[in-house]
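Participant: coords39.cif is reproduced in full below (mmCIF, C-alpha atoms).
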```
data_protein
loop_
_atom_site.label_atom_id
_atom_site.label_comp_id
_atom_site.auth_asym_id
_atom_site.auth_seq_id
_atom_site.Cartn_x
_atom_site.Cartn_y
_atom_site.Cartn_z
CA MET A 218 -4.53 8.90 10.44
CA THR A 219 -4.80 7.49 13.93
CA ALA A 220 -6.85 8.39 16.94
CA ASN A 221 -3.85 8.79 19.24
CA ASN A 222 -1.41 10.77 17.11
CA PRO A 223 -2.50 14.34 16.28
CA HIS A 224 0.01 14.66 13.43
CA TYR A 225 -1.99 12.08 11.50
CA PRO A 226 -4.60 14.22 9.75
CA LEU A 227 -7.28 11.81 8.57
CA GLU A 228 -10.26 11.38 10.87
CA ASP A 229 -12.17 8.18 11.45
CA CYS A 230 -15.93 8.89 11.32
CA GLU A 231 -17.30 5.35 11.19
CA THR A 232 -19.97 4.37 13.69
CA GLU A 233 -20.25 1.16 15.68
CA ALA A 234 -23.39 0.31 13.71
CA ASN A 235 -21.50 0.53 10.42
CA LEU A 236 -18.74 -1.72 11.76
CA ASN A 237 -21.31 -4.41 12.54
CA LEU A 238 -22.20 -4.60 8.85
CA ALA A 239 -20.31 -6.86 6.46
CA ASN A 240 -17.51 -5.00 4.72
CA PRO A 241 -18.43 -4.95 1.01
CA HIS A 242 -14.78 -4.43 0.04
CA MET A 243 -13.35 -7.48 1.82
CA ALA A 244 -14.52 -11.05 2.29
CA ILE A 245 -14.36 -10.94 6.07
CA SER A 246 -16.85 -11.22 8.92
CA PRO A 247 -17.68 -8.13 11.03
CA GLU A 248 -16.41 -9.80 14.23
CA TYR A 249 -12.85 -9.49 12.93
CA ILE A 250 -13.10 -5.71 12.63
CA SER A 251 -11.17 -4.03 15.45
CA ARG A 252 -13.29 -2.10 17.97
CA GLU A 253 -10.23 -0.55 19.62
CA PRO A 254 -8.90 2.87 18.56
CA PRO A 255 -6.94 2.16 15.38
CA LYS A 256 -3.16 2.33 15.48
CA CYS A 257 -2.81 3.35 11.85
CA VAL A 258 -5.78 4.04 9.57
CA LEU A 259 -6.12 5.81 6.24
CA PHE A 260 -9.14 4.22 4.53
CA GLY A 261 -11.33 3.59 7.57
CA ARG A 262 -11.74 1.25 10.54
CA LYS A 263 -13.50 -1.30 8.35
CA PHE A 264 -10.02 -2.16 7.06
CA CYS A 265 -8.52 -2.54 10.57
CA LEU A 266 -8.70 -6.09 11.91
CA ASN A 267 -8.42 -7.24 15.52
CA ILE A 268 -5.89 -9.97 14.73
CA SER A 269 -2.53 -10.10 13.04
CA THR A 270 -3.31 -11.00 9.42
CA THR A 271 -1.11 -12.30 6.63
CA PHE A 272 -1.81 -11.53 2.97
CA HIS A 273 -0.12 -12.79 -0.17
CA ILE A 274 0.49 -10.48 -3.12
CA ARG A 275 1.00 -12.56 -6.24
CA GLU A 276 2.00 -11.37 -9.66
CA LYS A 277 0.31 -13.20 -12.52
CA MET A 278 3.19 -12.84 -14.99
CA ARG A 279 6.00 -10.34 -15.19
CA MET A 280 5.23 -9.82 -18.89
CA ASN A 281 1.60 -8.95 -18.15
CA ARG A 282 1.31 -5.71 -16.21
CA ASP A 283 -2.27 -5.04 -17.33
CA ASN A 284 -3.84 -7.24 -14.65
CA CYS A 285 -0.67 -7.77 -12.74
CA PHE A 286 -1.26 -8.51 -9.04
CA LYS A 287 -3.85 -10.27 -6.95
CA VAL A 288 -4.02 -10.21 -3.15
CA TYR A 289 -5.11 -13.27 -1.14
CA ASP A 290 -5.48 -14.04 2.55
CA SER A 291 -3.86 -17.01 4.28
CA ASN A 292 -6.81 -19.19 3.20
CA ASN A 293 -6.16 -18.34 -0.46
CA GLN A 294 -9.30 -16.22 -0.66
CA GLU A 295 -9.02 -13.26 -3.02
CA PHE A 296 -9.25 -9.80 -1.42
CA PHE A 297 -7.96 -7.30 -3.97
CA LYS A 298 -6.56 -7.13 -7.49
CA VAL A 299 -4.44 -4.58 -9.30
CA SER A 300 -4.61 -3.54 -12.96
CA ASN A 301 -3.12 -0.88 -15.20
CA PRO A 302 -5.91 1.21 -16.75
CA LEU A 303 -3.55 2.59 -19.40
CA LYS A 304 -1.92 -0.34 -21.15
CA THR A 305 0.89 1.76 -22.59
CA MET A 306 1.93 3.29 -19.26
CA ARG A 307 3.17 1.56 -16.11
CA GLY A 308 2.89 4.81 -14.19
CA LYS A 309 -0.69 4.23 -13.03
CA HIS A 310 -2.14 1.20 -11.28
CA VAL A 311 -5.60 0.75 -9.79
CA LEU A 312 -6.45 -1.55 -6.88
CA SER A 313 -10.00 -2.93 -6.83
CA ASP A 314 -11.97 -4.96 -4.32
CA ILE A 315 -13.47 -8.41 -4.84
CA HIS A 316 -16.53 -6.86 -6.54
CA GLY A 317 -14.51 -4.79 -9.00
CA GLU A 318 -14.99 -1.46 -7.23
CA GLU A 319 -11.92 0.74 -7.67
CA LEU A 320 -10.50 1.81 -4.29
CA VAL A 321 -6.99 3.17 -4.82
CA LYS A 322 -4.94 4.56 -7.67
CA MET A 323 -1.15 4.40 -7.41
CA LYS A 324 0.42 7.03 -9.64
CA LYS A 325 4.09 7.50 -10.39
CA LYS A 326 5.56 11.00 -10.48
CA LEU A 327 7.41 11.03 -13.79
CA LEU A 328 9.97 13.75 -13.06
CA SER A 329 11.55 13.57 -9.61
CA LEU A 330 14.98 13.35 -8.02
CA HIS A 331 13.92 10.28 -6.02
CA PRO A 332 11.37 7.66 -7.11
CA THR A 333 8.04 9.08 -5.97
CA TRP A 334 4.57 7.54 -5.98
CA HIS A 335 1.23 9.10 -5.07
CA LEU A 336 -1.66 7.30 -3.40
CA ASN A 337 -5.00 8.59 -4.72
CA ALA A 338 -8.52 7.71 -3.62
CA GLY A 339 -11.94 9.34 -3.20
CA PRO A 340 -14.35 10.29 -6.01
CA LYS A 341 -12.91 9.22 -9.37
CA LEU A 342 -9.68 8.37 -7.50
CA GLU A 343 -8.54 11.97 -7.97
CA SER A 344 -7.74 12.97 -4.36
CA ARG A 345 -4.12 12.59 -3.27
CA LEU A 346 -4.08 11.07 0.21
CA ALA A 347 -0.40 10.25 0.57
CA THR A 348 2.97 10.40 -1.17
CA LEU A 349 5.73 7.82 -0.90
CA VAL A 350 9.29 9.07 -1.58
CA PHE A 351 12.08 6.51 -1.93
CA GLU A 352 15.81 6.51 -1.36
CA PHE A 353 17.48 3.62 -3.16
CA THR A 354 21.24 3.15 -2.98
CA LEU A 355 23.57 0.16 -2.92
CA LEU A 356 23.57 0.25 0.88
CA LYS A 357 20.00 1.17 1.75
CA LYS A 358 16.45 1.01 0.47
CA LYS A 359 13.89 3.07 2.33
CA GLY A 360 10.90 5.30 1.78
CA HIS A 361 9.13 8.09 3.64
CA VAL A 362 5.33 8.31 3.66
CA TYR A 363 3.72 11.76 3.75
CA VAL A 364 -0.03 11.99 4.47
CA TYR A 365 -2.06 15.03 3.42
CA SER A 366 -4.71 16.82 5.45
CA SER A 367 -8.25 17.39 4.22
CA PRO A 368 -9.11 18.97 1.83
CA HIS A 369 -6.79 16.70 -0.07
CA PRO A 370 -4.90 18.02 -3.09
CA HIS A 371 -5.99 16.95 -6.56
CA GLU A 372 -3.87 14.30 -8.22
CA ASP A 373 -2.69 16.81 -10.84
CA ASP A 374 -1.61 19.46 -8.34
CA ASP A 375 2.07 20.19 -7.83
CA THR A 376 3.73 17.79 -5.42
CA LYS A 377 4.22 19.76 -2.22
CA TYR A 378 5.04 17.59 0.75
CA GLU A 379 8.19 19.32 2.02
CA HIS A 380 6.20 21.13 4.73
CA LEU A 381 4.83 17.82 6.03
CA ARG A 382 6.50 15.58 8.54
CA PRO A 383 6.77 11.99 7.29
CA THR A 384 4.45 9.82 9.31
CA LEU A 385 5.64 6.38 8.28
CA LEU A 386 8.97 4.89 7.28
CA ILE A 387 9.54 1.88 5.04
CA LYS A 388 12.95 0.31 5.43
CA SER A 389 14.41 -2.89 3.99
CA ASP A 390 17.18 -5.19 5.03
CA THR A 391 20.42 -5.42 3.06
CA THR A 392 18.92 -7.90 0.58
CA GLY A 393 16.00 -5.62 -0.29
CA ARG A 394 13.60 -8.58 -0.05
CA ASP A 395 12.32 -8.01 3.48
CA PHE A 396 11.12 -4.65 4.74
CA LYS A 397 8.99 -3.12 7.46
CA VAL A 398 6.52 -0.26 7.69
CA PHE A 399 6.68 1.53 11.02
CA ASP A 400 5.81 4.76 12.80
CA GLU A 401 8.74 7.13 12.43
CA VAL A 402 7.93 8.77 15.79
CA THR A 403 7.34 5.76 18.06
CA GLY A 404 9.12 3.06 16.07
CA GLU A 405 6.10 0.76 16.31
CA VAL A 406 6.01 -1.75 13.44
CA PHE A 407 2.70 -1.80 11.55
CA SER A 408 3.49 -4.40 8.89
CA GLU A 409 6.26 -6.69 7.75
CA ILE A 410 6.70 -7.55 4.08
CA SER A 411 8.79 -10.35 2.65
CA LYS A 412 9.56 -10.94 -1.02
CA LYS A 413 9.70 -14.53 -2.23
CA HIS A 414 13.15 -15.75 -3.22
CA HIS A 415 13.04 -17.52 -6.58
CA GLY A 416 15.11 -20.60 -7.29
CA THR A 417 17.00 -21.32 -10.47
CA GLN A 418 14.13 -23.26 -12.04
CA GLU A 419 11.77 -20.29 -11.64
CA LEU A 420 13.90 -17.68 -13.37
CA LEU A 421 12.24 -18.03 -16.78
CA MET A 422 8.79 -17.37 -15.29
CA GLU A 423 9.94 -15.14 -12.44
CA THR A 424 7.19 -13.18 -10.72
CA ASP A 425 7.21 -10.82 -7.78
CA ASP A 426 5.37 -12.44 -4.88
CA TYR A 427 5.13 -10.85 -1.43
CA THR A 428 3.88 -11.87 1.99
CA VAL A 429 2.43 -8.97 3.99
CA THR A 430 1.76 -9.43 7.71
CA VAL A 431 -0.35 -6.58 9.14
CA SER A 432 -0.54 -5.92 12.89
CA PRO A 433 -3.91 -5.70 14.71
CA GLY A 434 -5.60 -2.30 14.48
CA VAL A 435 -3.72 -1.35 11.32
CA ASP A 436 -5.36 -0.49 7.98
CA VAL A 437 -4.68 -3.53 5.77
CA LEU A 438 -5.60 -1.70 2.56
CA PHE A 439 -3.09 1.05 3.37
CA MET A 440 -0.28 -1.44 4.13
CA ILE A 441 -0.93 -3.49 0.98
CA THR A 442 -0.93 -0.35 -1.15
CA LEU A 443 2.40 0.76 0.34
CA ALA A 444 3.88 -2.68 -0.37
CA LEU A 445 2.75 -2.46 -4.00
CA MET A 446 4.19 1.03 -4.49
CA TYR A 447 7.47 -0.15 -3.00
CA GLU A 448 7.54 -3.04 -5.48
CA TYR A 449 6.79 -0.78 -8.46
CA ALA A 450 9.54 1.67 -7.50
CA LEU A 451 12.04 -1.11 -6.86
CA SER A 452 11.30 -2.85 -10.16
CA ASP A 453 11.73 0.46 -12.02
CA ILE A 454 15.15 0.92 -10.43
CA GLU A 455 16.21 -2.65 -11.18
CA SER A 456 15.11 -2.42 -14.81
#
```
For this file, produce the structure as structure tokens.

Facilitator:
Amino acid sequence: MTANNPHYPLEDCETEANLNLANPHMAISPEYISREPPKCVLFGRKFCLNISTTFHIREKMRMNRDNCFKVYDSNNQEFFKVSNPLKTMRGKHVLSDIHGEELVKMKKKLLSLHPTWHLNAGPKLESRLATLVFEFTLLKKKGHVYVYSSPHPHEDDDTKYEHLRPTLLIKSDTTGRDFKVFDEVTGEVFSEISKKHHGTQELLMETDDYTVTVSPGVDVLFMITLALMYEYALSDIES
């Protein structure tokens, strides 16, 4: 998952020539792609920027989960969108790029002691790259991220992550609105996420809007996906 931490299993095989090309998945110039060894990467260096970047995750309407979230940068330019391919089930959500190419599938494990979500990608979005396991109580809200080695398990395989050491930790403050994603070994913060507080006049049309600030050299697609899975799990608990 990173170049410097051997317990992160995913390898980065992108060449300098490829990094000089425009990223078809994001509306961003090649000069903003980090050339330094990535600090945290799951989907490739083309998603690691050389500057701290803020994204906004906006829900269209709480009642409409079919095309529920869109992701924008600080200039209000659309980067990603999220939809539910099965209208009768909230347990699967697909994140697509600005051209409509499907990049990530977030899939809820239906039977589990703790709220558990899988991150799937690859051909047909059937390879399980990571699992996010939550612990939600009145006093704490946190989640552990487990990343699988290649060859990645199929999305329908039994969930077996107990032998893995969690690589990332997501932990919120007491309000549950603000949380951080950081390396559980070094404590380095990779992203900070803040949930918008709605006033009284917004309650009838309340939506879940987040601000995600990603550190330089960190995979922005990975951090945004983790923020979305956190929101889905939290909203399930609250409902």

Participant: From the list A:Gly360, A:Pro383, A:Pro433, A:Pro368, which residue is nearest Val398 (chain A) when using only C-alpha atoms?

Facilitator: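 For Val398 (chain A), the nearest of the candidates is A:Gly360.
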
Participant: Give me the result of the PyMOL selection byres ((chain A and resi 326-329) around 10) on this file, residue by residue, as a count of residues only.

Facilitator: 14

Participant: Within 7 Å of Val431 (chain A), counting all atoms listed in the file, which residues show up once you throw out same-chain ones fewer than 5 positions away? Write them as an NGL selection string, please.

Facilitator: :A and (269-271 or 407-409 or 437)

Participant: Between A:Thr384, A:Ser291, A:Thr430, A:Ser389, which one has atoms that come closest to Glu401 (chain A), using all atoms listed in the file?

Facilitator: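 That would be A:Thr384, the residue with the smallest distance to Glu401 (chain A).
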
Participant: Between CA of Phe272 (chain A) and CA of Lys298 (chain A), what is the spacing in Å?

Facilitator: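 Separating CA of Lys298 (chain A) from CA of Phe272 (chain A) is a distance of 12.3 Å.
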
Participant: My list of candidates is A:Ser432, A:Asn337, A:Tyr449, A:Arg275. Which is closest to Asp290 (chain A) when distances are computed with all atoms listed in the file?

Facilitator: A:Arg275

Participant: Using all atoms listed in the file, find the one residue out of A:Gln294, A:Arg262, A:Glu319, A:His273 that sits nearest to Tyr427 (chain A).

Facilitator: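 With all atoms listed in the file as the atom set, the closest residue is A:His273.
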
Participant: Exactly which residues make up the result of the PyMOL selection byres ((chain A and resi 346) around 7) on this file, given as JSON, numbers by chain?

Facilitator: {"A": [336, 337, 338, 344, 345, 347, 364, 365, 369]}

Participant: What is the CA of Gly317 (chain A) to CA of Phe297 (chain A) distance in Å?

Facilitator: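 Atom-to-atom, CA of Gly317 (chain A) and CA of Phe297 (chain A) are spaced 8.6 Å apart.
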
Participant: With all atoms listed in the file as the basis for distance, which of A:Phe296, A:His316, A:Tyr363, A:Leu451 is at the shortest distance from Lys377 (chain A)?

Facilitator: A:Tyr363

Participant: What separation in Å, quoted to one decimal, exists between CA of Pro370 (chain A) and CA of Val321 (chain A)?

Facilitator: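 Atom-to-atom, CA of Pro370 (chain A) and CA of Val321 (chain A) are spaced 15.1 Å apart.
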
Participant: Please provide the set of residues having any atom within 9 Å of Asp395 (chain A), restricted to all atoms listed in the file, with same-chain residues fewer than 4 positions apart removed, written as a list in words.

Facilitator: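 Here the qualifying residues turn out to be Lys388, Ser389, Asp390, Thr391, Glu409, Ile410, Ser411 and Lys412 of chain A.
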
Participant: Let me see the file: selected residues, C-alpha atoms, as a PDB file, in the frame of the given file.

Facilitator:
```
ATOM      1  CA  LYS A 388      12.950   0.310   5.430  1.00  0.00           C
ATOM      2  CA  SER A 389      14.410  -2.890   3.990  1.00  0.00           C
ATOM      3  CA  ASP A 390      17.180  -5.190   5.030  1.00  0.00           C
ATOM      4  CA  THR A 391      20.420  -5.420   3.060  1.00  0.00           C
ATOM      5  CA  GLU A 409       6.260  -6.690   7.750  1.00  0.00           C
ATOM      6  CA  ILE A 410       6.700  -7.550   4.080  1.00  0.00           C
ATOM      7  CA  SER A 411       8.790 -10.350   2.650  1.00  0.00           C
ATOM      8  CA  LYS A 412       9.560 -10.940  -1.020  1.00  0.00           C
TER       9      LYS A 412
END
```

Participant: With distances taken over only C-alpha atoms, which residue among A:Glu448, A:Glu343, A:Asp374, A:Glu318 lies nearest Asp426 (chain A)?

Facilitator: A:Glu448

Participant: Quick check on the file I pasted: which residues fall under the PyMOL selection byres ((chain A and resi 250) around 8)? Write them as a PyMOL selection string.

Facilitator: chain A and resi 236+246-249+251-252+262-267

Participant: Taking all atoms of region 262-267 of chain A that the file lists and extending 4 Å past them on each side, where is the centre of the axis-aligned box and how long are its edges? Answer in Å to one decimal, as AutoDock Vina command-line options.

Facilitator:
```
--center_x -11.0 --center_y -3.0 --center_z 11.3 --size_x 13.1 --size_y 16.5 --size_z 16.5
```

Participant: With only C-alpha atoms as the counted atoms, please give the residues lying no more than 8 Å from Phe399 (chain A), apart from itself and same-chain residues fewer than 5 positions off, as an NGL selection string.

Facilitator: :A and (385-387 or 404-408)
